[in-house]
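Shown below: input-v6.cif, with mmCIF, C-alpha atoms and all ligand atoms.
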```cif
data_start
loop_
_atom_site.label_atom_id
_atom_site.label_comp_id
_atom_site.auth_asym_id
_atom_site.auth_seq_id
_atom_site.Cartn_x
_atom_site.Cartn_y
_atom_site.Cartn_z
CA MET A 1 -25.78 26.95 7.12
CA LEU A 2 -22.59 24.96 6.88
CA ASN A 3 -19.43 26.61 8.08
CA VAL A 4 -17.29 25.74 5.10
CA ILE A 5 -13.51 25.08 5.13
CA THR A 6 -11.17 23.54 2.54
CA ILE A 7 -10.00 19.94 2.37
CA ALA A 8 -6.47 21.04 3.23
CA GLU A 9 -7.73 22.89 6.33
CA ALA A 10 -9.79 19.88 7.38
CA GLN A 11 -6.79 17.57 6.93
CA GLN A 12 -4.74 19.97 9.04
CA LEU A 13 -7.34 20.00 11.84
CA ILE A 14 -7.53 16.22 11.83
CA THR A 15 -3.74 16.01 12.06
CA GLU A 16 -3.62 18.50 14.91
CA LYS A 17 -6.28 16.62 16.85
CA PHE A 18 -5.32 13.00 16.15
CA GLY A 19 -1.90 13.09 14.50
CA GLN A 20 -0.23 11.69 17.64
CA MET A 21 -2.55 8.71 17.94
CA ARG A 22 -0.66 5.42 17.31
CA MET A 23 -2.01 1.90 17.39
CA PRO A 24 -0.34 -0.44 19.90
CA GLU A 25 2.10 -3.08 18.64
CA GLU A 26 1.50 -6.77 18.24
CA GLN A 27 3.49 -9.71 16.96
CA VAL A 28 2.08 -11.70 14.06
CA PRO A 29 3.35 -14.76 12.15
CA LEU A 30 5.11 -13.83 8.92
CA GLU A 31 2.56 -15.73 6.81
CA VAL A 32 -0.21 -13.30 7.78
CA ALA A 33 1.86 -10.11 7.81
CA LEU A 34 1.08 -8.99 4.26
CA GLY A 35 -0.23 -5.41 4.26
CA ARG A 36 0.67 -4.87 7.92
CA VAL A 37 2.83 -1.94 9.01
CA LEU A 38 6.17 -2.61 10.74
CA ALA A 39 6.31 -1.22 14.27
CA HIS A 40 10.13 -1.28 14.40
CA ASP A 41 13.10 -1.08 12.08
CA CYS A 42 13.86 -4.57 10.90
CA LEU A 43 17.60 -5.31 11.23
CA ALA A 44 19.31 -8.37 9.83
CA THR A 45 20.64 -10.92 12.31
CA GLU A 46 22.14 -13.26 9.72
CA PHE A 47 24.37 -13.12 6.65
CA VAL A 48 22.56 -13.44 3.33
CA PRO A 49 23.90 -15.52 1.77
CA ASN A 50 25.56 -17.32 4.61
CA PHE A 51 28.49 -18.67 2.53
CA ASN A 52 30.29 -17.88 -0.75
CA ARG A 53 27.94 -19.27 -3.30
CA SER A 54 28.00 -19.98 -7.02
CA THR A 55 25.30 -18.42 -9.21
CA VAL A 56 25.90 -20.82 -12.14
CA ASP A 57 26.63 -24.49 -12.83
CA GLY A 58 30.33 -24.61 -13.65
CA TYR A 59 33.88 -24.82 -12.41
CA ALA A 60 35.26 -22.76 -9.56
CA VAL A 61 38.75 -21.54 -10.52
CA ARG A 62 41.32 -18.84 -9.91
CA ALA A 63 40.73 -16.08 -12.47
CA GLN A 64 44.49 -15.73 -13.04
CA ASP A 65 44.63 -19.37 -14.26
CA VAL A 66 42.19 -18.72 -17.13
CA PHE A 67 43.35 -15.23 -18.06
CA GLY A 68 43.70 -14.87 -21.86
CA CYS A 69 42.30 -18.32 -22.74
CA SER A 70 40.24 -18.69 -25.92
CA ASP A 71 38.59 -21.25 -28.21
CA SER A 72 41.92 -21.90 -29.93
CA ILE A 73 44.09 -21.77 -26.78
CA PRO A 74 42.01 -23.18 -23.87
CA ALA A 75 43.29 -23.10 -20.30
CA LEU A 76 43.74 -26.64 -18.99
CA LEU A 77 42.88 -27.24 -15.35
CA MET A 78 42.85 -30.34 -13.17
CA GLN A 79 39.51 -31.10 -11.49
CA VAL A 80 40.17 -31.91 -7.83
CA GLY A 81 36.59 -32.53 -6.72
CA GLU A 82 32.94 -31.56 -6.73
CA ALA A 83 30.97 -29.26 -4.42
CA LYS A 84 27.65 -30.70 -3.21
CA MET A 85 24.37 -28.80 -2.80
CA GLY A 86 23.44 -28.12 0.79
CA GLU A 87 26.82 -29.22 2.12
CA HIS A 88 29.90 -27.41 3.31
CA THR A 89 32.69 -27.63 0.74
CA ALA A 90 35.89 -28.56 2.55
CA LEU A 91 37.83 -28.62 -0.74
CA LYS A 92 40.61 -26.16 -1.51
CA ILE A 93 42.03 -25.26 -4.89
CA ASN A 94 45.55 -24.31 -5.78
CA SER A 95 46.89 -22.83 -8.97
CA GLY A 96 45.99 -24.95 -12.01
CA GLU A 97 43.08 -26.70 -10.26
CA CYS A 98 39.30 -26.46 -10.44
CA VAL A 99 36.23 -27.85 -8.65
CA TYR A 100 32.82 -28.55 -10.14
CA VAL A 101 30.11 -26.41 -8.42
CA PRO A 102 26.36 -26.56 -9.06
CA THR A 103 24.28 -23.33 -8.86
CA GLY A 104 23.81 -22.37 -5.22
CA ALA A 105 26.54 -24.58 -3.76
CA GLU A 106 29.47 -23.32 -1.71
CA ILE A 107 32.59 -22.55 -3.73
CA PRO A 108 35.88 -23.98 -2.45
CA THR A 109 38.53 -21.96 -0.67
CA GLY A 110 41.04 -20.50 -3.11
CA ALA A 111 38.58 -19.96 -5.98
CA ASP A 112 37.63 -16.41 -6.90
CA CYS A 113 35.27 -16.99 -9.85
CA VAL A 114 33.17 -19.66 -11.55
CA ILE A 115 33.36 -20.59 -15.26
CA PRO A 116 29.91 -21.54 -16.64
CA LEU A 117 29.71 -25.14 -17.79
CA GLU A 118 29.01 -24.14 -21.41
CA ASP A 119 32.44 -22.48 -21.68
CA THR A 120 34.26 -25.64 -20.61
CA GLU A 121 34.86 -29.20 -21.80
CA PRO A 122 36.00 -32.24 -19.85
CA LEU A 123 38.84 -33.91 -21.72
CA GLY A 124 38.29 -37.26 -20.02
CA ASP A 125 41.40 -37.64 -17.86
CA GLY A 126 40.28 -35.23 -15.12
CA THR A 127 41.45 -32.29 -17.20
CA ILE A 128 38.94 -29.52 -17.87
CA ALA A 129 39.45 -27.24 -20.88
CA VAL A 130 38.27 -23.62 -20.34
CA TYR A 131 37.54 -21.61 -23.46
CA LYS A 132 36.51 -18.25 -22.03
CA PRO A 133 38.17 -16.22 -19.26
CA VAL A 134 36.20 -14.42 -16.53
CA SER A 135 37.38 -11.77 -14.11
CA PRO A 136 37.62 -12.31 -10.32
CA GLY A 137 34.25 -12.21 -8.55
CA THR A 138 32.27 -13.36 -11.59
CA ASN A 139 29.36 -15.82 -11.21
CA LEU A 140 29.44 -15.97 -7.45
CA ILE A 141 28.02 -14.08 -4.52
CA PHE A 142 30.10 -13.63 -1.39
CA ARG A 143 28.87 -14.22 2.16
CA GLY A 144 26.86 -11.19 3.29
CA ASP A 145 26.83 -9.58 -0.17
CA ASP A 146 23.06 -9.18 0.10
CA VAL A 147 22.74 -8.45 3.81
CA LYS A 148 25.00 -8.43 6.88
CA PRO A 149 23.93 -8.63 10.53
CA GLY A 150 22.90 -5.15 11.67
CA ASP A 151 21.90 -3.95 8.19
CA LEU A 152 18.58 -2.10 8.05
CA VAL A 153 16.42 -4.32 5.88
CA LEU A 154 13.01 -2.68 6.26
CA PRO A 155 12.27 0.53 8.19
CA ALA A 156 9.58 1.06 10.82
CA GLY A 157 6.42 2.30 9.10
CA ARG A 158 6.92 0.04 6.11
CA ARG A 159 3.68 -1.51 4.85
CA LEU A 160 4.76 -5.05 4.00
CA ASN A 161 4.40 -6.18 0.41
CA VAL A 162 4.94 -9.63 -1.07
CA ALA A 163 8.66 -9.08 -1.70
CA ASP A 164 9.15 -7.74 1.84
CA ILE A 165 7.70 -10.98 3.24
CA GLY A 166 10.26 -12.84 1.14
CA ALA A 167 13.08 -10.66 2.49
CA LEU A 168 12.02 -11.35 6.08
CA ALA A 169 11.87 -15.08 5.37
CA ALA A 170 15.39 -14.88 3.89
CA LEU A 171 16.52 -13.47 7.23
CA GLY A 172 15.04 -16.33 9.17
CA GLN A 173 12.25 -14.30 10.77
CA THR A 174 9.08 -16.16 11.69
CA ASN A 175 7.21 -13.38 13.51
CA VAL A 176 7.10 -9.63 12.97
CA TRP A 177 6.16 -6.72 15.18
CA VAL A 178 3.46 -4.67 13.49
CA ARG A 179 0.92 -2.04 14.49
CA GLN A 180 -2.48 -3.35 15.42
CA ALA A 181 -5.06 -2.67 12.72
CA PRO A 182 -7.33 0.25 13.63
CA ARG A 183 -10.89 -0.99 14.21
CA MET A 184 -13.41 1.03 12.26
CA ALA A 185 -17.16 1.07 12.85
CA VAL A 186 -19.29 1.78 9.78
CA ILE A 187 -22.86 3.04 10.23
CA SER A 188 -25.35 3.82 7.45
CA THR A 189 -28.12 6.26 8.25
CA GLY A 190 -31.28 7.08 6.29
CA ASP A 191 -34.96 6.09 6.32
CA GLU A 192 -34.69 5.21 2.63
CA ILE A 193 -31.75 2.80 2.90
CA VAL A 194 -32.20 -0.94 2.30
CA ALA A 195 -29.50 -3.58 2.64
CA PRO A 196 -28.37 -5.45 -0.48
CA GLY A 197 -30.24 -8.75 -0.54
CA GLU A 198 -33.48 -7.26 0.82
CA PRO A 199 -36.51 -6.44 -1.39
CA LEU A 200 -36.34 -2.90 -2.78
CA PRO A 201 -39.72 -1.08 -2.59
CA VAL A 202 -40.17 2.04 -4.71
CA GLY A 203 -38.72 5.04 -2.95
CA LYS A 204 -35.99 3.07 -1.22
CA ILE A 205 -32.37 2.78 -2.30
CA ARG A 206 -29.67 0.20 -1.72
CA ASP A 207 -27.04 0.65 0.96
CA VAL A 208 -23.93 1.20 -1.10
CA ASN A 209 -21.80 2.87 1.54
CA ALA A 210 -21.73 0.06 4.08
CA ALA A 211 -20.04 -2.47 1.83
CA MET A 212 -17.90 0.16 0.16
CA LEU A 213 -16.58 1.66 3.38
CA VAL A 214 -15.90 -1.71 4.99
CA ALA A 215 -13.86 -2.56 1.88
CA PHE A 216 -12.21 0.85 2.08
CA ALA A 217 -11.24 0.16 5.69
CA TYR A 218 -9.52 -3.10 4.75
CA SER A 219 -7.76 -1.41 1.83
CA THR A 220 -6.09 0.97 4.28
CA GLY A 221 -4.96 -1.77 6.64
CA ALA A 222 -7.80 -1.20 9.11
CA VAL A 223 -10.48 -3.74 10.02
CA ALA A 224 -14.15 -2.84 10.05
CA ASP A 225 -17.50 -3.81 11.48
CA PHE A 226 -20.73 -2.78 9.87
CA ILE A 227 -23.04 -1.69 12.69
CA GLY A 228 -26.26 -1.43 10.69
CA ILE A 229 -28.69 0.81 8.86
CA ILE A 230 -30.08 3.39 11.29
CA PRO A 231 -33.22 5.48 10.67
CA ASP A 232 -33.09 9.27 10.51
CA ASN A 233 -33.87 10.00 14.14
CA LEU A 234 -31.81 11.43 16.95
CA GLU A 235 -32.31 8.64 19.49
CA ALA A 236 -31.43 5.87 17.05
CA VAL A 237 -28.36 7.64 15.70
CA ARG A 238 -27.23 8.57 19.22
CA ALA A 239 -27.57 4.99 20.42
CA ALA A 240 -25.76 3.58 17.37
CA LEU A 241 -22.85 5.99 17.72
CA GLN A 242 -22.52 5.37 21.46
CA ASP A 243 -22.60 1.59 21.02
CA SER A 244 -20.10 1.65 18.18
CA LEU A 245 -17.51 3.50 20.26
CA PHE A 246 -17.00 0.35 22.31
CA GLY A 247 -14.40 -1.78 20.65
CA HIS A 248 -13.64 0.60 17.80
CA ASP A 249 -10.93 3.19 17.30
CA LEU A 250 -12.84 5.36 14.85
CA VAL A 251 -16.38 5.66 13.53
CA LEU A 252 -17.65 6.40 10.02
CA LEU A 253 -21.28 7.38 9.64
CA THR A 254 -22.82 8.12 6.27
CA GLY A 255 -25.96 10.03 5.38
CA GLY A 256 -27.82 12.61 7.45
CA THR A 257 -24.87 14.98 7.72
CA SER A 258 -26.42 18.06 6.15
CA VAL A 259 -28.59 20.76 7.71
CA GLY A 260 -32.07 19.33 6.99
CA VAL A 261 -34.57 18.73 9.79
CA LYS A 262 -34.01 14.98 9.45
CA ASP A 263 -30.21 15.23 9.52
CA ALA A 264 -29.35 13.88 12.96
CA VAL A 265 -25.63 13.25 12.74
CA PRO A 266 -24.28 16.79 13.33
CA GLN A 267 -26.45 17.25 16.41
CA VAL A 268 -25.55 13.86 17.87
CA VAL A 269 -21.81 14.42 17.42
CA ALA A 270 -22.07 17.91 18.93
CA GLU A 271 -24.05 16.53 21.88
CA LEU A 272 -21.80 13.57 22.66
CA GLY A 273 -18.49 15.23 21.91
CA GLU A 274 -17.05 18.00 19.82
CA LEU A 275 -18.21 18.80 16.28
CA MET A 276 -14.99 20.21 14.83
CA VAL A 277 -15.75 20.50 11.12
CA HIS A 278 -19.12 20.75 9.43
CA GLY A 279 -19.09 21.60 5.75
CA LEU A 280 -16.27 21.46 3.20
CA ALA A 281 -15.59 23.64 0.17
CA VAL A 282 -15.47 20.59 -2.05
CA LYS A 283 -17.54 18.98 -4.76
CA PRO A 284 -18.76 16.34 -4.23
CA GLY A 285 -18.67 16.19 -0.43
CA LYS A 286 -19.92 19.47 0.96
CA PRO A 287 -22.02 18.01 3.82
CA THR A 288 -19.07 16.27 5.48
CA LEU A 289 -18.42 16.51 9.19
CA PHE A 290 -15.71 15.52 11.57
CA GLY A 291 -15.49 15.49 15.32
CA GLU A 292 -14.34 13.76 18.44
CA VAL A 293 -16.39 11.65 20.81
CA GLN A 294 -14.84 9.97 23.87
CA GLY A 295 -11.42 10.82 22.48
CA LYS A 296 -12.09 9.02 19.23
CA PRO A 297 -12.35 10.40 15.69
CA VAL A 298 -15.87 10.36 14.24
CA PHE A 299 -16.56 11.13 10.58
CA GLY A 300 -19.96 11.97 9.15
CA LEU A 301 -19.64 11.31 5.43
CA PRO A 302 -22.21 12.38 2.86
CA GLY A 303 -24.80 9.79 1.82
CA ASN A 304 -23.93 10.26 -1.84
CA PRO A 305 -21.61 7.29 -2.42
CA VAL A 306 -19.20 9.10 -4.75
CA ALA A 307 -18.87 11.90 -2.22
CA ALA A 308 -18.47 9.37 0.59
CA TYR A 309 -15.72 7.64 -1.38
CA PHE A 310 -13.75 10.84 -1.99
CA MET A 311 -14.11 12.08 1.59
CA ALA A 312 -13.00 8.70 2.94
CA TYR A 313 -10.03 8.77 0.58
CA LEU A 314 -9.05 12.36 1.36
CA LEU A 315 -9.75 12.54 5.11
CA VAL A 316 -9.95 9.06 6.64
CA ARG A 317 -7.16 7.34 4.71
CA PRO A 318 -4.41 9.73 5.87
CA LEU A 319 -5.63 9.41 9.47
CA VAL A 320 -5.50 5.61 9.32
CA ALA A 321 -1.98 5.89 7.89
CA SER A 322 -0.87 8.06 10.78
CA MET A 323 -2.50 5.75 13.34
CA LEU A 324 -0.43 2.97 11.78
CA GLY A 325 2.73 5.08 11.87
CA THR A 326 3.05 5.17 8.10
CA HIS A 327 1.90 7.23 5.18
CA PHE A 328 0.41 5.99 1.97
CA GLY A 329 1.94 6.99 -1.32
CA GLU A 330 -0.14 7.95 -4.29
CA ARG A 331 0.65 7.17 -7.89
CA LYS A 332 0.11 10.17 -10.11
CA VAL A 333 0.44 10.72 -13.83
CA SER A 334 0.36 13.94 -15.80
CA LEU A 335 -1.92 13.80 -18.86
CA PRO A 336 -3.77 16.17 -21.18
CA VAL A 337 -7.47 16.41 -20.36
CA ALA A 338 -9.72 15.16 -23.18
CA ARG A 339 -12.37 17.92 -23.03
CA ASN A 340 -13.26 21.21 -21.42
CA VAL A 341 -14.50 20.91 -17.84
CA PRO A 342 -16.41 23.90 -16.46
CA SER A 343 -16.02 24.54 -12.74
CA ASN A 344 -16.70 27.92 -11.22
CA HIS A 345 -18.51 27.30 -7.96
CA GLY A 346 -15.65 28.25 -5.68
CA ARG A 347 -15.25 24.71 -4.41
CA GLU A 348 -12.37 22.33 -5.03
CA GLU A 349 -13.72 19.72 -7.40
CA TYR A 350 -12.85 16.02 -7.65
CA VAL A 351 -13.61 14.43 -11.02
CA PRO A 352 -13.24 10.71 -11.75
CA VAL A 353 -11.39 10.03 -15.02
CA VAL A 354 -10.85 7.21 -17.44
CA ILE A 355 -7.44 7.13 -19.14
CA ARG A 356 -7.96 6.56 -22.84
CA GLU A 357 -5.46 7.04 -25.67
CA GLY A 358 -3.08 8.87 -23.37
CA LYS A 359 -5.70 11.39 -22.29
CA ALA A 360 -7.66 11.93 -19.09
CA GLN A 361 -11.35 11.59 -19.95
CA PRO A 362 -13.46 13.18 -17.18
CA ILE A 363 -16.54 11.18 -16.20
CA ALA A 364 -19.54 13.26 -15.20
CA SER A 365 -21.37 11.83 -12.20
CA LYS A 366 -24.36 14.03 -11.53
CA SER A 367 -26.30 11.36 -9.73
CA GLY A 368 -23.56 10.29 -7.37
CA LEU A 369 -23.94 6.81 -8.77
CA ILE A 370 -21.08 4.66 -7.53
CA THR A 371 -20.96 2.81 -10.85
CA THR A 372 -19.55 5.95 -12.50
CA LEU A 373 -16.58 5.62 -10.18
CA ALA A 374 -16.31 1.87 -10.51
CA ASN A 375 -14.91 1.82 -14.03
CA THR A 376 -12.59 4.78 -13.76
CA ASP A 377 -8.80 4.77 -13.49
CA GLY A 378 -8.36 7.66 -11.09
CA PHE A 379 -9.37 11.22 -10.45
CA LEU A 380 -8.26 14.78 -11.03
CA CYS A 381 -8.74 17.78 -8.80
CA ILE A 382 -9.70 21.26 -9.99
CA PRO A 383 -8.55 23.85 -7.42
CA ARG A 384 -11.29 26.10 -6.03
CA ASP A 385 -9.85 29.27 -7.57
CA LYS A 386 -9.61 27.79 -11.07
CA GLU A 387 -12.35 28.31 -13.63
CA GLY A 388 -12.44 24.80 -15.02
CA LEU A 389 -10.08 23.00 -17.37
CA ARG A 390 -9.37 23.61 -21.02
CA GLN A 391 -9.18 20.66 -23.42
CA GLY A 392 -5.54 19.59 -23.88
CA GLU A 393 -4.41 21.21 -20.63
CA LEU A 394 -2.06 18.99 -18.59
CA VAL A 395 -3.67 17.66 -15.43
CA GLU A 396 -2.39 15.47 -12.64
CA VAL A 397 -4.36 12.23 -12.34
CA THR A 398 -4.18 10.29 -9.07
CA LEU A 399 -4.51 6.61 -9.94
CA PHE A 400 -6.77 4.27 -8.06
CA GLU A 401 -5.08 1.16 -6.70
CA ARG A 402 -5.97 -2.03 -8.47
P1 LIG A 501 -27.85 12.42 2.68
O1 LIG A 501 -26.38 12.60 2.88
O2 LIG A 501 -28.50 11.69 3.79
O3 LIG A 501 -28.49 13.75 2.42
O4 LIG A 501 -28.03 11.56 1.39
C1 LIG A 501 -27.60 12.02 0.12
C2 LIG A 501 -27.98 11.04 -0.96
O5 LIG A 501 -27.27 9.83 -0.75
C3 LIG A 501 -29.45 10.64 -0.90
O6 LIG A 501 -29.90 10.49 -2.24
C4 LIG A 501 -29.44 9.34 -0.17
O7 LIG A 501 -30.53 8.52 -0.51
C5 LIG A 501 -28.14 8.73 -0.64
N1 LIG A 501 -27.61 7.80 0.37
C6 LIG A 501 -27.55 8.00 1.69
N2 LIG A 501 -27.00 6.94 2.32
C7 LIG A 501 -26.69 6.05 1.35
C8 LIG A 501 -26.11 4.76 1.37
N3 LIG A 501 -25.71 4.17 2.50
N4 LIG A 501 -25.92 4.13 0.18
C9 LIG A 501 -26.30 4.72 -0.97
N5 LIG A 501 -26.86 5.95 -1.04
C10 LIG A 501 -27.06 6.60 0.10
MG MG A 502 -30.61 11.54 4.32
#
```

Since I need it in another form, could you write the structure as structure tokens?
Amino acid sequence: MLNVITIAEAQQLITEKFGQMRMPEEQVPLEVALGRVLAHDCLATEFVPNFNRSTVDGYAVRAQDVFGCSDSIPALLMQVGEAKMGEHTALKINSGECVYVPTGAEIPTGADCVIPLEDTEPLGDGTIAVYKPVSPGTNLIFRGDDVKPGDLVLPAGRRLNVADIGALAALGQTNVWVRQAPRMAVISTGDEIVAPGEPLPVGKIRDVNAAMLVAFAYSTGAVADFIGIIPDNLEAVRAALQDSLFGHDLVLLTGGTSVGVKDAVPQVVAELGELMVHGLAVKPGKPTLFGEVQGKPVFGLPGNPVAAYFMAYLLVRPLVASMLGTHFGERKVSLPVARNVPSNHGREEYVPVVIREGKAQPIASKSGLITTLANTDGFLCIPRDKEGLRQGELVEVTLFER
């Protein structure tokens, strides 16, 4: 018999055991830092921008010189020069003067705003007519307006996205300190499992979990090695687990985690280390186990791919986040459920859903076929003490990342 606990209790045990584990730091070039987690706060060391800069093509002026001008009574200013892109502008303006400035060039000393070109007209003799006033500070960005040295730009624990990479480039950074990616070993077990690409005799089934869990690992910022498909016997599973502990920070096995005579994983984990959790009050995913071998976390996920997916998402993903010194957000939406969903087995239930016409449409997946999950938008959770869902009831849907 499985000694059943809830998902929340299992998450708590995992946190207590491994919550302090942090991956070491490493420095990587900015170009390959996407998706990596910052090991330190990232502070600016430069001004952005580094000089007072125009945001339009136009004339840099003193706002007081164009105050109250209009189409019928333009302000007339004398152009005393032109700012050049990429060059320091040594020009200075006094009252009644202006300087032409292209977008992004440095504005001259003395100017406090820029009049867009379309609101001006050169009168031919060096005089510029201005037809629309602007207030001080308009159409320019001052040195350090974006960022000043010492500003916190990105905090430790930040998982870098595309815009973050841009921000770091703006600050002149070429390398970043990040946490090393946890190395995950993925092992499939089962006499009936055949690798994709091999012939499929009757009675055998394709290895879904290997590819899926390797992809899962990368999605969390870990890296993964697939160790192989191991038959349902103690010696083979023991050897595979022992070997995989070298060079990996955590191990995911799938299949053979229940209490059948052929189910080797619980016994092997108990023998080599500590079997901490065996059996969860969850559907799908009951025959899930978790333990520690040689100080490393080892998960035995159910063979059923849908169950394996949910258990990886609920148990392994938060652990990877904590090893990286971050935590992953979830996007959730609240929607009415499209039909009644019975659920009275005393287990927390995870149900994949498709979002259609503003409703959460539950997708039944009796067979554990991964394709039922593949076309869904997210999932909902029915608490263990709740007797199903009533059509129209609001439910919280956790969205899958795309
Ligand atoms: P088990 O957890 O070993 O009892 O397996 C539960 C169900 O999942 C069985 O129908 C297995 O054939 C299937 N299964 C086990 N491992 C895999 C795998 N790697 N890929 C796809 N299905 C699997
Ligand atoms: Mg099996």

For ligand LIG 501 (chain A), return the neighbouring residues as a ChimeraX atom specification (distance at most 6 Å; all atoms listed in the file). /A:188,190,206-210,254-257,302-305

Closest of A:Pro29, A:Gly203, A:Gly58, A:Gly144 to Ala169 in chain A - atom-to-atom distances counting all atoms listed in the file: A:Pro29

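Residues in contact with Arg143 in chain A at 6 Å, where only C-alpha atoms are counted and same-chain residues fewer than 4 positions away are skipped, are listed as Pro49, Asn50, Phe51 and Asn52 of chain A.
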
One decimal place gives the CA of Pro74 in chain A-CA of Ala105 in chain A separation as 25.4 Å

Nearest residue to Arg53 in chain A out of A:Lys359, A:His88, A:His40, A:Lys386, using all atoms listed in the file?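 Nearest candidate to Arg53 in chain A out of A:Lys359, A:His88, A:His40, A:Lys386: A:His88.
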
For CA of Glu16 in chain A and CA of Ala264 in chain A, the interatomic separation in Å (one decimal):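 These two atoms are separated by 26.2 Å.
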
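Comparing A:Ala60, A:Leu301, A:Leu280, A:Ile107 by their smallest distance to Asn3 in chain A, the closest is A:Leu280 (using all atoms listed in the file).
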
Excluding range 271-277 of chain A and its own-chain neighbours fewer than 4 positions away, which residues fall within 7 Å of it when counting only C-alpha atoms? Please give them as a ChimeraX atom specification. /A:267,289-294

With C-alpha atoms kept, could you save the residues just selected as a compact mmCIF listing (two decimals), keeping the file's coordinate frame?
```txt
# COMPACT_ATOMS: atom_id res chain seq x y z
CA GLN A 267 -26.45 17.25 16.41
CA LEU A 289 -18.42 16.51 9.19
CA PHE A 290 -15.71 15.52 11.57
CA GLY A 291 -15.49 15.49 15.32
CA GLU A 292 -14.34 13.76 18.44
CA VAL A 293 -16.39 11.65 20.81
CA GLN A 294 -14.84 9.97 23.87
```

Shell around Ile205 in chain A at 7 Å using all atoms listed in the file, local window under 3 positions removed, as a PDB file with C-alpha atoms, keeping the file's coordinate frame:
```
ATOM      1  CA  GLU A 192     -34.690   5.210   2.630  1.00  0.00           C
ATOM      2  CA  ILE A 193     -31.750   2.800   2.900  1.00  0.00           C
ATOM      3  CA  VAL A 194     -32.200  -0.940   2.300  1.00  0.00           C
ATOM      4  CA  LEU A 200     -36.340  -2.900  -2.780  1.00  0.00           C
TER       5      LEU A 200
END
```

Of the candidates A:Lys204, A:Lys366, A:Lys283, A:Arg331, which shows the shortest atom-to-atom distance to ligand MG 502 (chain A), using all atoms listed in the file? A:Lys204

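Nearest-residue note for ligand MG 502 (chain A): choosing from A:Val261, A:Ser343, A:Arg390, A:Cys381, the minimum distance belongs to A:Val261, counting only C-alpha atoms and all ligand atoms.
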
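Across A:Thr120, A:Gln12, A:Thr138, A:Gln391, the tightest approach to Arg62 in chain A is made by A:Thr138 when counting only C-alpha atoms.
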
Just the number, please: distance in Å from CA of Lys148 in chain A to CA of Glu87 in chain A, one decimal.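 The value is 21.4 Å.
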
Leaving out Pro155 in chain A and any residue of its chain fewer than 2 positions from it, which residues lie within 12 Å of it when counting all atoms listed in the file, given as a PyMOL selection string? chain A and resi 37-44+151-153+157-160+164+177-178+325-326

Same residues, C-alpha atoms, output as a short mmCIF file (atom, residue, chain, number, x, y, z; two decimals), in the frame of the given file:
```
data_model
loop_
_atom_site.label_atom_id
_atom_site.label_comp_id
_atom_site.auth_asym_id
_atom_site.auth_seq_id
_atom_site.Cartn_x
_atom_site.Cartn_y
_atom_site.Cartn_z
CA VAL A 37 2.83 -1.94 9.01
CA LEU A 38 6.17 -2.61 10.74
CA ALA A 39 6.31 -1.22 14.27
CA HIS A 40 10.13 -1.28 14.40
CA ASP A 41 13.10 -1.08 12.08
CA CYS A 42 13.86 -4.57 10.90
CA LEU A 43 17.60 -5.31 11.23
CA ALA A 44 19.31 -8.37 9.83
CA ASP A 151 21.90 -3.95 8.19
CA LEU A 152 18.58 -2.10 8.05
CA VAL A 153 16.42 -4.32 5.88
CA GLY A 157 6.42 2.30 9.10
CA ARG A 158 6.92 0.04 6.11
CA ARG A 159 3.68 -1.51 4.85
CA LEU A 160 4.76 -5.05 4.00
CA ASP A 164 9.15 -7.74 1.84
CA TRP A 177 6.16 -6.72 15.18
CA VAL A 178 3.46 -4.67 13.49
CA GLY A 325 2.73 5.08 11.87
CA THR A 326 3.05 5.17 8.10
#
```

What's the 9 Å shell around Ala321 in chain A, counting all atoms listed in the file, without same-chain residues fewer than 6 positions away, as number ranges by chain? A: 220-221, 327-328

Written file, previous selection with C-alpha atoms, as a PDB file, in the frame of the given file:
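Wrote selection-v3.pdb, looks like this:
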```pdb
ATOM      1  CA  THR A 220      -6.090   0.970   4.280  1.00  0.00           C
ATOM      2  CA  GLY A 221      -4.960  -1.770   6.640  1.00  0.00           C
ATOM      3  CA  HIS A 327       1.900   7.230   5.180  1.00  0.00           C
ATOM      4  CA  PHE A 328       0.410   5.990   1.970  1.00  0.00           C
TER       5      PHE A 328
END
```

Which protein, DNA or RNA residues are at most 12 Å from (-21.0, 2.4, 18.9) in the file's coordinates when you count all atoms listed in the file, listed as an MDAnalysis selection string? chainID A and resid 183:187 225:228 230 236:253 272 293:294 296 298
